[in-house]
file final-v6.cif (mmCIF, C-alpha atoms)
data_target
loop_
_atom_site.label_atom_id
_atom_site.label_comp_id
_atom_site.auth_asym_id
_atom_site.auth_seq_id
_atom_site.Cartn_x
_atom_site.Cartn_y
_atom_site.Cartn_z
CA MET A 1 9.72 29.82 5.96
CA PRO A 2 11.32 27.95 3.06
CA LYS A 3 10.04 24.46 2.39
CA LEU A 4 11.09 21.70 0.06
CA TYR A 5 8.67 19.04 -1.12
CA GLY A 6 10.20 15.76 -2.22
CA ILE A 7 7.62 14.54 -4.70
CA GLY A 8 7.33 11.10 -6.24
CA VAL A 9 5.65 11.58 -9.61
CA GLY A 10 5.06 7.85 -10.07
CA PRO A 11 6.35 5.34 -12.59
CA GLY A 12 5.68 7.05 -15.93
CA ASP A 13 1.99 7.47 -16.71
CA PRO A 14 1.09 11.03 -15.58
CA GLU A 15 -2.24 9.65 -14.29
CA LEU A 16 -0.34 7.53 -11.79
CA MET A 17 0.68 10.70 -9.99
CA THR A 18 -1.15 11.21 -6.69
CA LEU A 19 -3.72 13.96 -6.11
CA LYS A 20 -1.41 15.42 -3.47
CA ALA A 21 1.57 15.57 -5.83
CA LEU A 22 -0.56 17.32 -8.46
CA LYS A 23 -1.94 19.81 -5.96
CA ILE A 24 1.51 20.81 -4.69
CA LEU A 25 2.96 21.01 -8.19
CA GLU A 26 0.11 23.28 -9.24
CA ARG A 27 1.02 25.60 -6.37
CA VAL A 28 4.82 25.79 -6.28
CA GLU A 29 6.83 27.98 -8.64
CA ILE A 30 10.24 26.35 -8.31
CA LEU A 31 10.97 22.87 -9.59
CA PHE A 32 14.22 21.13 -8.68
CA VAL A 33 15.04 18.54 -11.29
CA PRO A 34 17.71 15.88 -10.75
CA LYS A 35 19.95 15.58 -13.76
CA SER A 36 21.74 12.24 -14.07
CA GLY A 37 21.36 10.29 -17.27
CA VAL A 38 17.85 9.24 -18.21
CA GLY A 39 16.18 10.28 -14.96
CA LEU A 40 15.95 13.94 -15.84
CA CYS A 41 13.78 13.73 -18.89
CA ILE A 42 11.36 11.21 -17.46
CA ALA A 43 10.36 12.91 -14.17
CA LEU A 44 10.11 16.30 -15.85
CA ASP A 45 8.23 14.87 -18.82
CA ILE A 46 5.67 13.36 -16.47
CA VAL A 47 5.12 16.70 -14.75
CA LYS A 48 4.86 18.55 -18.07
CA LYS A 49 2.26 16.08 -19.32
CA ALA A 50 0.22 16.47 -16.13
CA ILE A 51 0.48 20.25 -15.71
CA ASN A 52 0.56 23.01 -18.27
CA LYS A 53 2.58 25.61 -16.41
CA ASP A 54 5.87 27.50 -16.60
CA PHE A 55 7.95 26.48 -13.63
CA ARG A 56 11.21 28.07 -12.69
CA ILE A 57 13.37 25.00 -13.23
CA VAL A 58 16.56 24.51 -11.22
CA LYS A 59 18.63 21.59 -12.46
CA LEU A 60 20.63 19.70 -9.86
CA TYR A 61 23.46 17.66 -11.22
CA PHE A 62 24.12 14.23 -9.72
CA PRO A 63 26.93 12.49 -11.56
CA MET A 64 26.67 8.74 -12.15
CA THR A 65 29.88 7.75 -10.44
CA LYS A 66 30.92 5.55 -7.53
CA ASP A 67 33.55 8.08 -6.40
CA LYS A 68 32.13 8.99 -3.02
CA ARG A 69 34.03 12.27 -2.65
CA LYS A 70 32.86 13.46 -6.03
CA LEU A 71 29.29 12.50 -5.20
CA GLU A 72 29.32 14.25 -1.84
CA GLU A 73 30.73 17.35 -3.48
CA HIS A 74 27.83 17.40 -5.94
CA TRP A 75 25.22 16.75 -3.26
CA ASP A 76 26.63 19.69 -1.31
CA ILE A 77 26.51 21.90 -4.39
CA ALA A 78 22.94 20.76 -5.03
CA SER A 79 21.80 21.50 -1.48
CA LYS A 80 23.37 24.96 -1.66
CA ALA A 81 21.48 25.57 -4.91
CA VAL A 82 18.22 24.59 -3.18
CA GLU A 83 19.01 26.89 -0.25
CA GLU A 84 19.77 29.76 -2.60
CA ALA A 85 16.56 29.27 -4.59
CA LEU A 86 14.37 29.10 -1.48
CA LYS A 87 16.14 31.81 0.58
CA ASP A 88 13.28 34.32 0.29
CA GLY A 89 10.99 31.84 2.01
CA SER A 90 9.63 30.17 -1.10
CA GLU A 91 8.35 26.64 -1.50
CA GLY A 92 9.90 24.36 -4.09
CA ALA A 93 9.49 20.79 -5.23
CA PHE A 94 12.16 18.23 -6.00
CA ILE A 95 10.63 15.75 -8.43
CA THR A 96 11.62 12.15 -8.70
CA LEU A 97 10.47 9.19 -10.73
CA GLY A 98 8.57 6.64 -8.64
CA ASP A 99 8.96 7.27 -4.92
CA PRO A 100 11.43 9.79 -3.39
CA LEU A 101 12.78 7.41 -0.74
CA PHE A 102 12.94 4.27 -2.86
CA TYR A 103 16.17 4.31 -4.88
CA SER A 104 16.12 8.03 -5.58
CA THR A 105 18.85 10.67 -5.39
CA PHE A 106 16.50 12.56 -3.09
CA SER A 107 17.79 10.38 -0.23
CA TYR A 108 21.21 11.98 -0.54
CA LEU A 109 19.87 15.50 -0.76
CA MET A 110 17.36 15.22 2.11
CA PRO A 111 19.71 15.15 5.14
CA ARG A 112 21.72 18.06 3.75
CA ILE A 113 18.61 20.19 3.24
CA LEU A 114 17.40 19.41 6.76
CA ASP A 115 20.86 20.40 8.08
CA LEU A 116 20.42 23.76 6.38
CA GLY A 117 17.27 24.32 8.45
CA ILE A 118 14.89 23.96 5.52
CA ASP A 119 11.68 22.05 6.20
CA ILE A 120 10.95 19.00 4.05
CA GLU A 121 7.74 17.18 3.29
CA VAL A 122 7.94 13.94 1.34
CA ILE A 123 5.06 12.91 -0.94
CA PRO A 124 5.30 9.18 -1.62
CA GLY A 125 4.68 7.84 -5.12
CA VAL A 126 3.80 4.65 -6.96
CA THR A 127 7.02 2.71 -7.63
CA SER A 128 8.02 1.22 -10.97
CA ILE A 129 7.84 -2.18 -9.28
CA SER A 130 4.14 -1.76 -8.47
CA SER A 131 3.58 -0.44 -11.97
CA CYS A 132 5.33 -3.43 -13.55
CA SER A 133 3.35 -5.96 -11.58
CA ALA A 134 0.11 -4.10 -12.40
CA SER A 135 0.87 -3.91 -16.13
CA HIS A 136 1.43 -7.65 -16.22
CA ARG A 137 -1.17 -8.61 -13.68
CA ILE A 138 1.52 -10.46 -11.76
CA THR A 139 1.24 -10.65 -8.00
CA LEU A 140 4.32 -9.14 -6.42
CA VAL A 141 3.72 -10.72 -2.99
CA ALA A 142 0.68 -12.04 -1.12
CA GLY A 143 -0.12 -13.57 2.24
CA ASP A 144 3.00 -14.75 4.06
CA GLU A 145 5.35 -14.34 1.10
CA LYS A 146 8.67 -12.54 1.41
CA LEU A 147 9.94 -9.94 -1.05
CA ALA A 148 13.55 -9.04 -1.89
CA VAL A 149 14.56 -6.06 -4.02
CA ILE A 150 18.12 -6.10 -5.30
CA PRO A 151 19.99 -3.57 -7.46
CA ALA A 152 21.56 -6.09 -9.80
CA ALA A 153 24.24 -3.88 -11.28
CA TYR A 154 26.37 -4.27 -8.17
CA GLY A 155 26.75 -8.03 -8.13
CA LEU A 156 24.56 -11.06 -7.45
CA GLU A 157 26.80 -13.21 -5.27
CA ASN A 158 24.01 -14.44 -3.03
CA LEU A 159 21.20 -14.69 -5.57
CA GLU A 160 20.86 -18.48 -5.29
CA HIS A 161 20.44 -18.31 -1.58
CA ILE A 162 18.14 -15.26 -1.71
CA ALA A 163 15.92 -16.92 -4.32
CA GLU A 164 15.52 -19.88 -1.97
CA GLU A 165 14.59 -17.71 1.01
CA PHE A 166 12.31 -15.22 -0.77
CA ASP A 167 9.15 -15.91 -2.75
CA THR A 168 9.68 -12.94 -5.05
CA VAL A 169 13.01 -11.39 -6.00
CA VAL A 170 12.97 -8.17 -7.99
CA LEU A 171 16.21 -7.29 -9.72
CA ILE A 172 16.39 -3.59 -10.58
CA LYS A 173 19.04 -1.59 -12.44
CA VAL A 174 19.67 -4.50 -14.79
CA SER A 175 20.79 -2.46 -17.80
CA ARG A 176 24.45 -2.46 -16.82
CA ASN A 177 25.76 -6.05 -16.92
CA TYR A 178 22.49 -7.28 -18.41
CA ASN A 179 24.05 -10.28 -20.13
CA LYS A 180 25.98 -11.28 -17.01
CA ILE A 181 22.78 -11.11 -14.98
CA VAL A 182 20.90 -13.30 -17.44
CA ASP A 183 23.78 -15.80 -17.45
CA LYS A 184 23.68 -15.93 -13.68
CA ILE A 185 19.91 -16.52 -13.66
CA LYS A 186 20.27 -19.32 -16.21
CA GLU A 187 23.18 -20.84 -14.30
CA LEU A 188 20.94 -21.06 -11.24
CA GLY A 189 18.11 -22.60 -13.27
CA LEU A 190 15.80 -19.72 -12.47
CA GLU A 191 15.04 -18.57 -16.01
CA GLU A 192 11.59 -20.12 -16.17
CA LYS A 193 10.57 -18.13 -13.12
CA ALA A 194 12.03 -14.90 -14.48
CA LEU A 195 10.25 -12.17 -16.39
CA PHE A 196 12.05 -9.29 -18.03
CA MET A 197 10.21 -5.97 -18.08
CA SER A 198 11.04 -2.51 -19.34
CA ARG A 199 9.38 0.90 -18.97
CA CYS A 200 6.37 -0.58 -17.22
CA GLY A 201 3.35 1.68 -17.34
CA GLY A 202 5.16 4.19 -19.53
CA GLU A 203 5.63 4.44 -23.25
CA GLY A 204 7.50 1.60 -24.91
CA PHE A 205 6.29 -0.80 -22.24
CA ARG A 206 7.11 -4.45 -22.80
CA ALA A 207 7.74 -7.73 -21.03
CA GLU A 208 8.96 -11.15 -21.99
CA ARG A 209 10.01 -14.42 -20.51
CA LEU A 210 13.75 -14.44 -20.00
CA GLU A 211 14.18 -17.61 -22.02
CA GLU A 212 12.71 -16.02 -25.12
CA LYS A 213 15.19 -15.16 -27.81
CA GLY A 214 15.80 -11.87 -29.50
CA GLU A 215 17.54 -8.57 -28.94
CA ARG A 216 16.35 -6.65 -25.95
CA ASN A 217 15.94 -2.93 -25.49
CA VAL A 218 17.37 -2.82 -21.99
CA ASP A 219 16.95 0.61 -20.43
CA TYR A 220 17.57 2.26 -17.10
CA LEU A 221 14.09 1.31 -15.89
CA SER A 222 14.25 -2.34 -16.87
CA MET A 223 13.80 -4.96 -14.21
CA ILE A 224 13.59 -8.72 -13.82
CA ILE A 225 11.06 -10.36 -11.52
CA ILE A 226 11.87 -13.87 -10.30
CA ARG A 227 8.82 -15.52 -8.84
CA MET Y 1 -17.80 -6.58 -22.17
CA PRO Y 2 -17.52 -6.84 -18.36
CA LYS Y 3 -14.38 -5.41 -16.84
CA LEU Y 4 -12.97 -5.41 -13.34
CA TYR Y 5 -10.54 -2.76 -12.15
CA GLY Y 6 -8.28 -3.70 -9.27
CA ILE Y 7 -7.63 -0.33 -7.70
CA GLY Y 8 -5.05 0.53 -5.08
CA VAL Y 9 -6.44 3.50 -3.16
CA GLY Y 10 -3.12 4.17 -1.41
CA PRO Y 11 -2.05 4.06 2.24
CA GLY Y 12 -4.76 6.11 3.97
CA ASP Y 13 -4.71 9.78 3.04
CA PRO Y 14 -7.33 10.17 0.25
CA GLU Y 15 -4.96 12.62 -1.48
CA LEU Y 16 -2.45 9.80 -1.91
CA MET Y 17 -4.84 8.16 -4.35
CA THR Y 18 -3.69 8.41 -7.98
CA LEU Y 19 -5.45 10.53 -10.60
CA LYS Y 20 -6.22 7.33 -12.49
CA ALA Y 21 -7.83 5.65 -9.49
CA LEU Y 22 -10.00 8.70 -8.88
CA LYS Y 23 -11.03 8.92 -12.54
CA ILE Y 24 -12.11 5.28 -12.69
CA LEU Y 25 -13.92 5.45 -9.34
CA GLU Y 26 -15.82 8.52 -10.54
CA ARG Y 27 -17.00 6.50 -13.54
CA VAL Y 28 -17.87 3.03 -12.25
CA GLU Y 29 -21.13 2.24 -10.47
CA ILE Y 30 -20.18 -1.01 -8.76
CA LEU Y 31 -17.66 -1.17 -5.96
CA PHE Y 32 -16.36 -4.54 -4.73
CA VAL Y 33 -15.17 -4.20 -1.18
CA PRO Y 34 -13.09 -6.88 0.53
CA LYS Y 35 -14.41 -7.64 3.97
CA SER Y 36 -11.87 -9.16 6.34
CA GLY Y 37 -11.27 -7.47 9.64
CA VAL Y 38 -9.93 -3.92 9.51
CA GLY Y 39 -9.33 -3.79 5.76
CA LEU Y 40 -12.95 -3.14 4.86
CA CYS Y 41 -13.47 0.13 6.62
CA ILE Y 42 -10.18 1.68 5.61
CA ALA Y 43 -10.28 1.20 1.81
CA LEU Y 44 -13.94 2.18 1.66
CA ASP Y 45 -13.41 5.14 3.98
CA ILE Y 46 -10.66 6.44 1.72
CA VAL Y 47 -12.92 6.25 -1.32
CA LYS Y 48 -15.81 7.91 0.52
CA LYS Y 49 -13.56 10.77 1.61
CA ALA Y 50 -12.29 11.25 -1.94
CA ILE Y 51 -15.61 10.90 -3.80
CA ASN Y 52 -19.09 11.95 -2.83
CA LYS Y 53 -21.14 9.36 -4.70
CA ASP Y 54 -23.54 6.50 -4.10
CA PHE Y 55 -21.89 3.35 -5.31
CA ARG Y 56 -23.59 0.00 -5.53
CA ILE Y 57 -21.43 -1.77 -2.96
CA VAL Y 58 -20.84 -5.52 -3.19
CA LYS Y 59 -19.06 -6.92 -0.15
CA LEU Y 60 -16.76 -9.85 -0.73
CA TYR Y 61 -15.98 -11.88 2.33
CA PHE Y 62 -12.42 -13.15 2.80
CA PRO Y 63 -12.08 -14.97 6.12
CA MET Y 64 -8.87 -14.54 8.10
CA THR Y 65 -7.94 -18.18 8.33
CA LYS Y 66 -5.05 -20.38 7.28
CA ASP Y 67 -7.41 -23.20 6.26
CA LYS Y 68 -6.66 -23.33 2.56
CA ARG Y 69 -9.84 -25.19 1.59
CA LYS Y 70 -11.98 -22.67 3.42
CA LEU Y 71 -10.11 -19.80 1.79
CA GLU Y 72 -10.44 -21.22 -1.72
CA GLU Y 73 -14.13 -21.76 -1.15
CA HIS Y 74 -14.54 -18.08 -0.26
CA TRP Y 75 -12.46 -16.86 -3.17
CA ASP Y 76 -14.64 -18.93 -5.48
CA ILE Y 77 -17.79 -17.47 -3.92
CA ALA Y 78 -16.31 -13.98 -4.26
CA SER Y 79 -15.40 -14.44 -7.91
CA LYS Y 80 -18.91 -15.73 -8.66
CA ALA Y 81 -20.33 -12.64 -6.97
CA VAL Y 82 -18.17 -10.45 -9.20
CA GLU Y 83 -19.28 -12.38 -12.29
CA GLU Y 84 -22.92 -12.02 -11.29
CA ALA Y 85 -22.62 -8.27 -10.66
CA LEU Y 86 -20.87 -7.63 -13.98
CA LYS Y 87 -22.88 -10.05 -16.14
CA ASP Y 88 -24.71 -7.33 -18.06
CA GLY Y 89 -21.37 -5.99 -19.30
CA SER Y 90 -20.79 -3.49 -16.54
CA GLU Y 91 -17.51 -2.20 -15.20
CA GLY Y 92 -16.72 -2.51 -11.52
CA ALA Y 93 -13.85 -1.72 -9.21
CA PHE Y 94 -12.32 -3.84 -6.48
CA ILE Y 95 -10.72 -1.45 -4.01
CA THR Y 96 -7.75 -2.29 -1.89
CA LEU Y 97 -5.62 -0.41 0.63
CA GLY Y 98 -2.14 0.37 -0.74
CA ASP Y 99 -1.38 -1.56 -3.92
CA PRO Y 100 -3.55 -4.41 -5.31
CA LEU Y 101 -0.65 -6.78 -5.97
CA PHE Y 102 1.35 -6.07 -2.83
CA TYR Y 103 -0.07 -8.13 0.05
CA SER Y 104 -3.70 -7.75 -1.00
CA THR Y 105 -6.54 -10.26 -1.22
CA PHE Y 106 -6.92 -9.08 -4.82
CA SER Y 107 -4.11 -11.48 -5.75
CA TYR Y 108 -6.32 -14.44 -4.87
CA LEU Y 109 -9.34 -13.08 -6.70
CA MET Y 110 -7.53 -12.03 -9.89
CA PRO Y 111 -6.74 -15.46 -11.47
CA ARG Y 112 -10.30 -16.63 -10.79
CA ILE Y 113 -11.81 -13.57 -12.46
CA LEU Y 114 -9.55 -14.00 -15.47
CA ASP Y 115 -10.58 -17.68 -15.67
CA LEU Y 116 -14.19 -16.51 -15.88
CA GLY Y 117 -13.31 -14.54 -19.01
CA ILE Y 118 -13.64 -11.15 -17.35
CA ASP Y 119 -11.05 -8.54 -18.32
CA ILE Y 120 -8.97 -7.03 -15.52
CA GLU Y 121 -6.99 -3.80 -15.34
CA VAL Y 122 -4.85 -3.20 -12.28
CA ILE Y 123 -4.22 0.35 -11.07
CA PRO Y 124 -1.15 0.40 -8.83
CA GLY Y 125 -1.16 2.42 -5.64
CA VAL Y 126 1.20 3.94 -3.09
CA THR Y 127 2.08 1.30 -0.49
CA SER Y 128 1.97 1.79 3.27
CA ILE Y 129 5.73 1.19 3.26
CA SER Y 130 6.36 4.20 1.01
CA SER Y 131 3.94 6.22 3.11
CA CYS Y 132 5.71 5.27 6.34
CA SER Y 133 9.14 6.20 5.06
CA ALA Y 134 7.76 9.49 3.70
CA SER Y 135 6.02 10.39 6.97
CA HIS Y 136 9.27 9.88 8.83
CA ARG Y 137 11.61 11.14 6.18
CA ILE Y 138 13.48 7.87 6.41
CA THR Y 139 15.14 6.52 3.31
CA LEU Y 140 13.80 3.08 2.51
CA VAL Y 141 16.63 2.15 0.15
CA ALA Y 142 19.11 4.07 -1.99
CA GLY Y 143 21.94 3.35 -4.39
CA ASP Y 144 23.09 -0.26 -4.21
CA GLU Y 145 21.15 -1.12 -1.05
CA LYS Y 146 19.00 -4.23 -0.81
CA LEU Y 147 15.47 -4.30 0.59
CA ALA Y 148 13.65 -7.20 2.26
CA VAL Y 149 9.95 -7.16 3.13
CA ILE Y 150 8.83 -9.85 5.55
CA PRO Y 151 5.35 -10.58 6.95
CA ALA Y 152 6.44 -11.04 10.54
CA ALA Y 153 3.36 -12.80 11.82
CA TYR Y 154 4.49 -16.06 10.25
CA GLY Y 155 7.85 -16.47 11.98
CA LEU Y 156 11.25 -14.81 11.85
CA GLU Y 157 13.59 -17.81 11.84
CA ASN Y 158 16.09 -16.26 9.47
CA LEU Y 159 15.90 -12.65 10.60
CA GLU Y 160 19.48 -12.51 11.85
CA HIS Y 161 20.84 -13.72 8.58
CA ILE Y 162 18.48 -11.53 6.50
CA ALA Y 163 19.41 -8.42 8.52
CA GLU Y 164 23.06 -9.10 7.68
CA GLU Y 165 22.41 -9.50 3.97
CA PHE Y 166 19.90 -6.65 3.50
CA ASP Y 167 20.39 -2.93 4.23
CA THR Y 168 16.72 -2.42 5.05
CA VAL Y 169 14.32 -5.00 6.44
CA VAL Y 170 10.66 -4.07 6.68
CA LEU Y 171 8.58 -6.27 8.95
CA ILE Y 172 4.89 -6.00 8.16
CA LYS Y 173 1.86 -7.58 9.84
CA VAL Y 174 3.46 -7.20 13.25
CA SER Y 175 0.26 -6.90 15.29
CA ARG Y 176 -0.08 -10.63 15.89
CA ASN Y 177 2.89 -11.82 17.98
CA TYR Y 178 4.06 -8.23 18.49
CA ASN Y 179 5.82 -8.96 21.77
CA LYS Y 180 7.55 -12.04 20.38
CA ILE Y 181 8.79 -10.01 17.41
CA VAL Y 182 10.19 -7.28 19.65
CA ASP Y 183 11.88 -9.91 21.82
CA LYS Y 184 13.47 -11.43 18.74
CA ILE Y 185 14.73 -8.04 17.54
CA LYS Y 186 16.22 -7.31 20.95
CA GLU Y 187 17.76 -10.78 21.14
CA LEU Y 188 19.56 -10.06 17.87
CA GLY Y 189 20.73 -6.65 19.14
CA LEU Y 190 18.86 -4.86 16.36
CA GLU Y 191 16.62 -2.66 18.50
CA GLU Y 192 18.61 0.53 17.98
CA LYS Y 193 18.18 0.17 14.25
CA ALA Y 194 14.46 -0.53 14.51
CA LEU Y 195 11.60 1.93 14.25
CA PHE Y 196 8.01 1.02 15.06
CA MET Y 197 5.34 2.73 12.99
CA SER Y 198 1.58 2.56 12.88
CA ARG Y 199 -1.08 3.95 10.53
CA CYS Y 200 1.50 5.91 8.54
CA GLY Y 201 -0.02 8.73 6.55
CA GLY Y 202 -3.46 8.03 7.97
CA GLU Y 203 -5.21 9.19 11.08
CA GLY Y 204 -3.64 8.17 14.37
CA PHE Y 205 -0.24 8.08 12.76
CA ARG Y 206 2.73 7.57 15.07
CA ALA Y 207 6.27 6.23 15.24
CA GLU Y 208 8.76 5.47 17.94
CA ARG Y 209 12.08 3.87 18.52
CA LEU Y 210 11.59 0.26 19.52
CA GLU Y 211 13.62 0.70 22.68
CA GLU Y 212 11.30 3.40 23.98
CA LYS Y 213 9.03 2.31 26.76
CA GLY Y 214 5.28 2.50 27.00
CA GLU Y 215 2.21 0.70 25.82
CA ARG Y 216 1.80 0.51 22.07
CA ASN Y 217 -1.32 0.74 20.01
CA VAL Y 218 -0.37 -2.03 17.60
CA ASP Y 219 -2.79 -2.26 14.71
CA TYR Y 220 -3.14 -4.23 11.51
CA LEU Y 221 -1.15 -1.62 9.59
CA SER Y 222 1.76 -1.39 11.99
CA MET Y 223 5.24 -2.13 10.74
CA ILE Y 224 8.82 -2.16 11.95
CA ILE Y 225 11.66 -0.87 9.79
CA ILE Y 226 15.13 -2.16 10.60
CA ARG Y 227 17.80 -0.04 8.94
#
call {"tool": "encode", "arguments": {"input": "final-v6.cif", "output": "structure tokens"}}
result
Amino acid sequence: MPKLYGIGVGPGDPELMTLKALKILERVEILFVPKSGVGLCIALDIVKKAINKDFRIVKLYFPMTKDKRKLEEHWDIASKAVEEALKDGSEGAFITLGDPLFYSTFSYLMPRILDLGIDIEVIPGVTSISSCSASHRITLVAGDEKLAVIPAAYGLENLEHIAEEFDTVVLIKVSRNYNKIVDKIKELGLEEKALFMSRCGGEGFRAERLEEKGERNVDYLSMIIIR
Amino acid sequence: MPKLYGIGVGPGDPELMTLKALKILERVEILFVPKSGVGLCIALDIVKKAINKDFRIVKLYFPMTKDKRKLEEHWDIASKAVEEALKDGSEGAFITLGDPLFYSTFSYLMPRILDLGIDIEVIPGVTSISSCSASHRITLVAGDEKLAVIPAAYGLENLEHIAEEFDTVVLIKVSRNYNKIVDKIKELGLEEKALFMSRCGGEGFRAERLEEKGERNVDYLSMIIIR
């Protein structure tokens, strides 16, 4: 019976992959790789660093657009490609940076694959948020504290209010509109509580207080923690 | 030079430990184990299942109290015990269920250890939240969705408002006041969106819709996802 593993390969360092992820990747022949901007190279690079093996790689294209019809069309194409590749009863693995059900394209693919009658097992992974807090030895949340995670690229209308209610606010996807986001944080007087971080746990890892000057290398994996 | 690793051993399944955690645990001799109710057995059990080795185990007692003075006293005692155990320049590992900086007692120990001039490296782990969503193949968050994580034992005054603002609300620490929490969720008409989960990814794992009847085995690791 065909089976698809949704595998979180962790935040960047191949050693932050789980034993279970490694074991499954050592066994399967087919690797489904999401292709959408930066994501592709990173998840596949992590696997290649961890395992020296020739996979049969099937690239699944997920365009970076907000056009819902276009997206659904591509998710359907992708799920058909998975079905086709697994039709002889094979097992395959869809790899994703971080965790498969935490801001990953896997969430869009999963229901379609299940509809096609293909079994799915999800292997959770270490998120980039955990990796960032570990790299900086900054507590994410403790005790009775509340945590909010917000994709900042889509607007920050209620940030003031959320920052009052929550002890820690993590802004992800800050590369688009980065300057606007920083302006908003400064406007709310939160800049002293904010820490900018990029590629935590991976290569090129860095962090700085938001109020520090200088050009920033803002990438897809950058985030800002307000605490 | 003495060094303390803060190691997240993941949510329960020993295979959900990272390669890095395993590598460090295979090397160090001293294991610091937080002792506070259920936590002790689980983190240590995970390590014992993953590694067949005789560690020198140092138990650190963290009482489950809200008395801040009492807590600080115990954290100070714990950090002195770590200093004492590592004084000859050894390396040791503090193990914690899930991730060390995500609702772990390690957050209270860490600044004290750093103040004592002992180096710390934090190894992030897979959280119970990721494990729960993986076990159930439920997307935690995707795309532009917002996530809130709330320790429910301390009151849910603003739950209605938070559930409006956030796409996914994860209530953790639901074992204390479980019935009150369920009443609150029902009062707000959110029960159809809520899923109760316990011991995700570990032994005794189960999940059910909140509206289903029957006695529940609510444990320390139980959580409710509202989505």
call {"tool": "resolve_selection", "arguments": {"input": "final-v6.cif", "expression": "the PyMOL selection byres ((chain A) within 7 of (chain Y))", "output": "ChimeraX atom specification"}}
result
/A:15-20,101-104,107,122-126,130-131,133-135,137,139-151,154
call {"tool": "resolve_selection", "arguments": {"input": "final-v6.cif", "expression": "the PyMOL selection byres ((chain Y and resi 93) around 7)", "output": "list of chain:residue names"}}
result
Y:Leu4, Y:Tyr5, Y:Gly6, Y:Ile7, Y:Val28, Y:Ile30, Y:Leu31, Y:Phe32, Y:Gly92, Y:Phe94, Y:Ile95
call {"tool": "atom_distance", "arguments": {"input": "final-v6.cif", "atom1": "atom CA of Y:Met197", "atom2": "atom CA of Y:Lys180"}}
result
16.7 Å
call {"tool": "closest_residue", "arguments": {"input": "final-v6.cif", "among": "A:Ile118, A:Leu109, A:Leu195, A:Ile51", "to": "A:His74", "atoms": "only C-alpha atoms"}}
result
A:Leu109
call {"tool": "atom_distance", "arguments": {"input": "final-v6.cif", "atom1": "atom CA of Y:Ala194", "atom2": "atom CA of Y:Ile224"}}
result
6.4 Å
call {"tool": "atom_distance", "arguments": {"input": "final-v6.cif", "atom1": "atom CA of Y:Leu25", "atom2": "atom CA of Y:Lys53"}}
result
9.4 Å
call {"tool": "resolve_selection", "arguments": {"input": "final-v6.cif", "expression": "the PyMOL selection byres ((chain A and resi 85) around 12)", "output": "ChimeraX atom specification"}}
result
/A:2-4,29-32,56-60,78-84,86-94,118
call {"tool": "closest_residue", "arguments": {"input": "final-v6.cif", "among": "A:Val33, A:Leu156, A:Ala163, A:Leu97", "to": "A:Asp183", "atoms": "all atoms listed in the file"}}
result
A:Leu156
call {"tool": "closest_residue", "arguments": {"input": "final-v6.cif", "among": "A:Pro34, A:Trp75, A:Ile225, A:Lys193", "to": "A:Ile113", "atoms": "only C-alpha atoms"}}
result
A:Trp75
